[in-house]
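Here's the structure we're looking at; comments come further down.
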Amino acid sequence: MTRPWMEDRTNADGSTTIKMKRACNSCGQRLGDVTDTEMALAVNGLPLPDVRKECPACAPTAPEPACRPMSIVAGDALCLEVECDHDLEDGAEYCDEVAEETICATHSEITNVDEIVHAEPWPCKHTKAVTA
């Protein structure tokens, strides 16, 4: 799959609008535009997915990306924002309808507004987990 490549654009006021590019995590070759998931991971200080399989130079010898666990809190949006009408126990951050879960960050989809569109359960069945 080839990534889109949006060119830099000069605006009427002379400023430039750019689209951030993703580079191969092995050789550094620019591959195309970053995805919403990659941007969300970076903004939240989480590791970016391994993209060596997308790189023309590295793909033939690149291993499958390792699965990485990520802890999340899951539940109704109002409960997550502490805007629900459920009773909170003293000192609780969330109501009892919010749960902590672990998902596979490698195979889950996260939007640029931190919404998890698809959460792949942990332990992931795609590849081996990171052991280090």
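Chain labels run A, B, ... following the order of the structure tokens; each chain numbers its residues from 1, and ligands are numbered from 1 in the order shown.
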Practice task
Per DSSP on the backbone, filter chain A down to the residues in strand (DSSP E) and report them as a ChimeraX atom specification.
Solution key: /A:9-10,16-17,21-23,30-33,69-74,99-110,116-121
Selected residues, C-alpha atoms, written as a compact mmCIF listing (two decimals), in the first residue's frame, please.
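Writing the result to result.txt gives the following:
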# COMPACT_ATOMS: atom_id res chain seq x y z
CA ARG A 9 1.19 24.52 -0.26
CA THR A 10 1.96 28.24 -0.30
CA THR A 16 3.25 27.52 3.93
CA THR A 17 1.00 24.62 4.86
CA LYS A 21 5.75 12.90 6.40
CA ARG A 22 6.53 9.46 7.84
CA ALA A 23 10.01 8.02 7.43
CA ARG A 30 10.37 9.36 3.53
CA LEU A 31 7.37 7.15 2.75
CA GLY A 32 4.46 9.58 2.60
CA ASP A 33 2.00 11.39 4.85
CA PRO A 69 0.50 -3.44 24.51
CA MET A 70 -1.22 -0.17 25.38
CA SER A 71 -3.34 0.49 28.47
CA ILE A 72 -6.57 2.40 27.90
CA VAL A 73 -9.71 3.30 29.79
CA ALA A 74 -12.88 2.21 28.03
CA ALA A 99 -12.77 -0.13 32.87
CA GLU A 100 -9.04 -0.29 32.28
CA GLU A 101 -8.10 -2.55 29.39
CA THR A 102 -4.98 -3.50 27.47
CA ILE A 103 -5.09 -3.47 23.68
CA CYS A 104 -2.54 -4.06 20.93
CA ALA A 105 -1.36 -0.60 19.85
CA THR A 106 0.23 -2.04 16.71
CA HIS A 107 -3.03 -3.39 15.25
CA SER A 108 -5.57 -0.94 16.74
CA GLU A 109 -6.78 2.16 14.90
CA ILE A 110 -6.65 5.51 16.72
CA ILE A 116 -10.08 4.34 19.26
CA VAL A 117 -11.93 3.23 16.15
CA HIS A 118 -10.80 -0.39 16.37
CA ALA A 119 -9.24 -1.94 19.48
CA GLU A 120 -7.37 -5.18 18.83
CA PRO A 121 -7.50 -7.26 22.04
Exercise for the section: Would you mind listing what lies within 10 Å of A:Ser26 as an MDAnalysis selection string, with only C-alpha atoms counted and same-chain residues fewer than 3 positions away left out? Expected result: chainID A and resid 23 29 50:52 55 57:58 62
Can you spit out the residues from that selection as a PDB file, in the first residue's frame, using all heavy atoms?
ATOM      1  N   ALA A  23       8.771   8.606   7.943  1.00  0.00           N
ATOM      2  CA  ALA A  23      10.006   8.025   7.426  1.00  0.00           C
ATOM      3  C   ALA A  23      10.123   6.577   7.886  1.00  0.00           C
ATOM      4  O   ALA A  23       9.585   6.194   8.932  1.00  0.00           O
ATOM      5  CB  ALA A  23      11.209   8.823   7.923  1.00  0.00           C
ATOM      6  N   GLN A  29      14.145   6.751   4.827  1.00  0.00           N
ATOM      7  CA  GLN A  29      13.518   7.212   3.576  1.00  0.00           C
ATOM      8  C   GLN A  29      12.101   7.685   3.874  1.00  0.00           C
ATOM      9  O   GLN A  29      11.340   7.021   4.570  1.00  0.00           O
ATOM     10  CB  GLN A  29      13.485   6.070   2.556  1.00  0.00           C
ATOM     11  CG  GLN A  29      12.822   6.457   1.256  1.00  0.00           C
ATOM     12  CD  GLN A  29      12.848   5.317   0.238  1.00  0.00           C
ATOM     13  OE1 GLN A  29      13.703   4.460   0.270  1.00  0.00           O
ATOM     14  NE2 GLN A  29      11.880   5.326  -0.656  1.00  0.00           N
ATOM     15  N   ASP A  50       6.055   0.190  13.494  1.00  0.00           N
ATOM     16  CA  ASP A  50       7.161  -0.165  12.610  1.00  0.00           C
ATOM     17  C   ASP A  50       6.650  -0.125  11.173  1.00  0.00           C
ATOM     18  O   ASP A  50       5.674  -0.792  10.843  1.00  0.00           O
ATOM     19  CB  ASP A  50       7.638  -1.574  12.975  1.00  0.00           C
ATOM     20  CG  ASP A  50       8.866  -2.011  12.214  1.00  0.00           C
ATOM     21  OD1 ASP A  50       9.101  -1.513  11.092  1.00  0.00           O
ATOM     22  OD2 ASP A  50       9.590  -2.869  12.737  1.00  0.00           O
ATOM     23  N   VAL A  51       7.282   0.668  10.320  1.00  0.00           N
ATOM     24  CA  VAL A  51       6.824   0.803   8.936  1.00  0.00           C
ATOM     25  C   VAL A  51       7.851   0.284   7.929  1.00  0.00           C
ATOM     26  O   VAL A  51       7.772   0.594   6.741  1.00  0.00           O
ATOM     27  CB  VAL A  51       6.444   2.273   8.606  1.00  0.00           C
ATOM     28  CG1 VAL A  51       5.202   2.694   9.366  1.00  0.00           C
ATOM     29  CG2 VAL A  51       7.600   3.222   8.863  1.00  0.00           C
ATOM     30  N   ARG A  52       8.790  -0.522   8.381  1.00  0.00           N
ATOM     31  CA  ARG A  52       9.810  -1.042   7.460  1.00  0.00           C
ATOM     32  C   ARG A  52       9.196  -1.841   6.319  1.00  0.00           C
ATOM     33  O   ARG A  52       9.725  -1.844   5.215  1.00  0.00           O
ATOM     34  CB  ARG A  52      10.828  -1.897   8.216  1.00  0.00           C
ATOM     35  CG  ARG A  52      11.703  -1.065   9.143  1.00  0.00           C
ATOM     36  CD  ARG A  52      12.667  -1.931   9.896  1.00  0.00           C
ATOM     37  NE  ARG A  52      11.948  -2.649  10.948  1.00  0.00           N
ATOM     38  CZ  ARG A  52      12.514  -3.496  11.783  1.00  0.00           C
ATOM     39  NH1 ARG A  52      13.805  -3.773  11.691  1.00  0.00           N
ATOM     40  NH2 ARG A  52      11.791  -4.089  12.715  1.00  0.00           N
ATOM     41  N   CYS A  55       8.555   0.293   3.252  1.00  0.00           N
ATOM     42  CA  CYS A  55       9.710   0.912   2.610  1.00  0.00           C
ATOM     43  C   CYS A  55      10.215   0.056   1.452  1.00  0.00           C
ATOM     44  O   CYS A  55      10.488  -1.130   1.638  1.00  0.00           O
ATOM     45  CB  CYS A  55      10.829   1.096   3.639  1.00  0.00           C
ATOM     46  SG  CYS A  55      12.331   1.813   2.960  1.00  0.00           S
ATOM     47  N   ALA A  57      13.093  -0.041   0.108  1.00  0.00           N
ATOM     48  CA  ALA A  57      14.443  -0.555   0.356  1.00  0.00           C
ATOM     49  C   ALA A  57      14.491  -1.604   1.466  1.00  0.00           C
ATOM     50  O   ALA A  57      15.267  -2.552   1.393  1.00  0.00           O
ATOM     51  CB  ALA A  57      15.377   0.606   0.704  1.00  0.00           C
ATOM     52  N   CYS A  58      13.666  -1.453   2.488  1.00  0.00           N
ATOM     53  CA  CYS A  58      13.753  -2.312   3.667  1.00  0.00           C
ATOM     54  C   CYS A  58      12.735  -3.456   3.689  1.00  0.00           C
ATOM     55  O   CYS A  58      12.925  -4.440   4.407  1.00  0.00           O
ATOM     56  CB  CYS A  58      13.588  -1.479   4.934  1.00  0.00           C
ATOM     57  SG  CYS A  58      14.876  -0.230   5.127  1.00  0.00           S
ATOM     58  N   ALA A  62      12.517  -6.903   6.083  1.00  0.00           N
ATOM     59  CA  ALA A  62      11.911  -6.418   7.330  1.00  0.00           C
ATOM     60  C   ALA A  62      11.055  -7.499   7.984  1.00  0.00           C
ATOM     61  O   ALA A  62      10.288  -8.187   7.315  1.00  0.00           O
ATOM     62  CB  ALA A  62      11.057  -5.185   7.061  1.00  0.00           C
TER      63      ALA A  62
END
Exercise for the section: as a PyMOL selection string, please: all residues of stretch 8-121 of chain A that backbone DSSP puts in helix (DSSP H, G or I). Expected result: chain A and resi 36-43+52-54+59-61+77-80
Those residues you just picked out, can you put them in a file as an mmCIF file, in the first residue's frame with N, CA and C atoms?
data_model
loop_
_atom_site.group_PDB
_atom_site.id
_atom_site.type_symbol
_atom_site.label_atom_id
_atom_site.label_comp_id
_atom_site.auth_asym_id
_atom_site.auth_seq_id
_atom_site.Cartn_x
_atom_site.Cartn_y
_atom_site.Cartn_z
ATOM 1 N N ASP A 36 -3.488 9.348 10.730
ATOM 2 C CA ASP A 36 -4.116 9.880 11.943
ATOM 3 C C ASP A 36 -3.683 9.080 13.166
ATOM 4 N N THR A 37 -3.579 7.758 13.020
ATOM 5 C CA THR A 37 -3.162 6.912 14.140
ATOM 6 C C THR A 37 -1.735 7.244 14.568
ATOM 7 N N GLU A 38 -0.835 7.400 13.612
ATOM 8 C CA GLU A 38 0.550 7.737 13.948
ATOM 9 C C GLU A 38 0.629 9.089 14.650
ATOM 10 N N MET A 39 -0.140 10.055 14.179
ATOM 11 C CA MET A 39 -0.143 11.374 14.804
ATOM 12 C C MET A 39 -0.662 11.282 16.242
ATOM 13 N N ALA A 40 -1.735 10.535 16.446
ATOM 14 C CA ALA A 40 -2.292 10.388 17.792
ATOM 15 C C ALA A 40 -1.294 9.714 18.722
ATOM 16 N N LEU A 41 -0.613 8.693 18.242
ATOM 17 C CA LEU A 41 0.393 8.015 19.058
ATOM 18 C C LEU A 41 1.515 8.977 19.430
ATOM 19 N N ALA A 42 2.013 9.736 18.459
ATOM 20 C CA ALA A 42 3.110 10.670 18.710
ATOM 21 C C ALA A 42 2.710 11.753 19.705
ATOM 22 N N VAL A 43 1.522 12.314 19.532
ATOM 23 C CA VAL A 43 1.042 13.367 20.430
ATOM 24 C C VAL A 43 0.946 12.864 21.863
ATOM 25 N N ARG A 52 8.790 -0.522 8.381
ATOM 26 C CA ARG A 52 9.810 -1.042 7.460
ATOM 27 C C ARG A 52 9.196 -1.841 6.319
ATOM 28 N N LYS A 53 8.061 -2.498 6.557
ATOM 29 C CA LYS A 53 7.400 -3.264 5.490
ATOM 30 C C LYS A 53 6.851 -2.366 4.389
ATOM 31 N N GLU A 54 6.680 -1.059 4.652
ATOM 32 C CA GLU A 54 6.201 -0.112 3.644
ATOM 33 C C GLU A 54 7.336 0.482 2.814
ATOM 34 N N ALA A 59 11.658 -3.337 2.934
ATOM 35 C CA ALA A 59 10.568 -4.314 2.992
ATOM 36 C C ALA A 59 10.998 -5.762 2.756
ATOM 37 N N PRO A 60 11.890 -6.035 1.799
ATOM 38 C CA PRO A 60 12.226 -7.439 1.545
ATOM 39 C C PRO A 60 12.817 -8.183 2.742
ATOM 40 N N THR A 61 13.514 -7.476 3.619
ATOM 41 C CA THR A 61 14.144 -8.140 4.765
ATOM 42 C C THR A 61 13.525 -7.750 6.107
ATOM 43 N N ALA A 77 -18.655 7.569 26.504
ATOM 44 C CA ALA A 77 -17.950 8.845 26.393
ATOM 45 C C ALA A 77 -18.242 9.768 27.582
ATOM 46 N N LEU A 78 -19.495 9.856 28.014
ATOM 47 C CA LEU A 78 -19.825 10.723 29.148
ATOM 48 C C LEU A 78 -19.174 10.226 30.437
ATOM 49 N N CYS A 79 -19.072 8.918 30.591
ATOM 50 C CA CYS A 79 -18.418 8.365 31.777
ATOM 51 C C CYS A 79 -16.923 8.675 31.750
ATOM 52 N N LEU A 80 -16.308 8.595 30.569
ATOM 53 C CA LEU A 80 -14.885 8.887 30.441
ATOM 54 C C LEU A 80 -14.587 10.355 30.709
#
Practice task
Give me, please, the distance in Å between atom CA of A:Met6 and atom CA of A:Pro49, quoted to one decimal.
Solution key: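 Taking atom CA of A:Met6 as the start and atom CA of A:Pro49 as the end point, the length is 20.8 Å.
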Problem - Closest of A:Cys24, A:Glu93, A:His126, A:Val113 to A:Glu64 - atom-to-atom distances counting only C-alpha atoms - result: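 Closest to A:Glu64, using only C-alpha atoms: A:His126.
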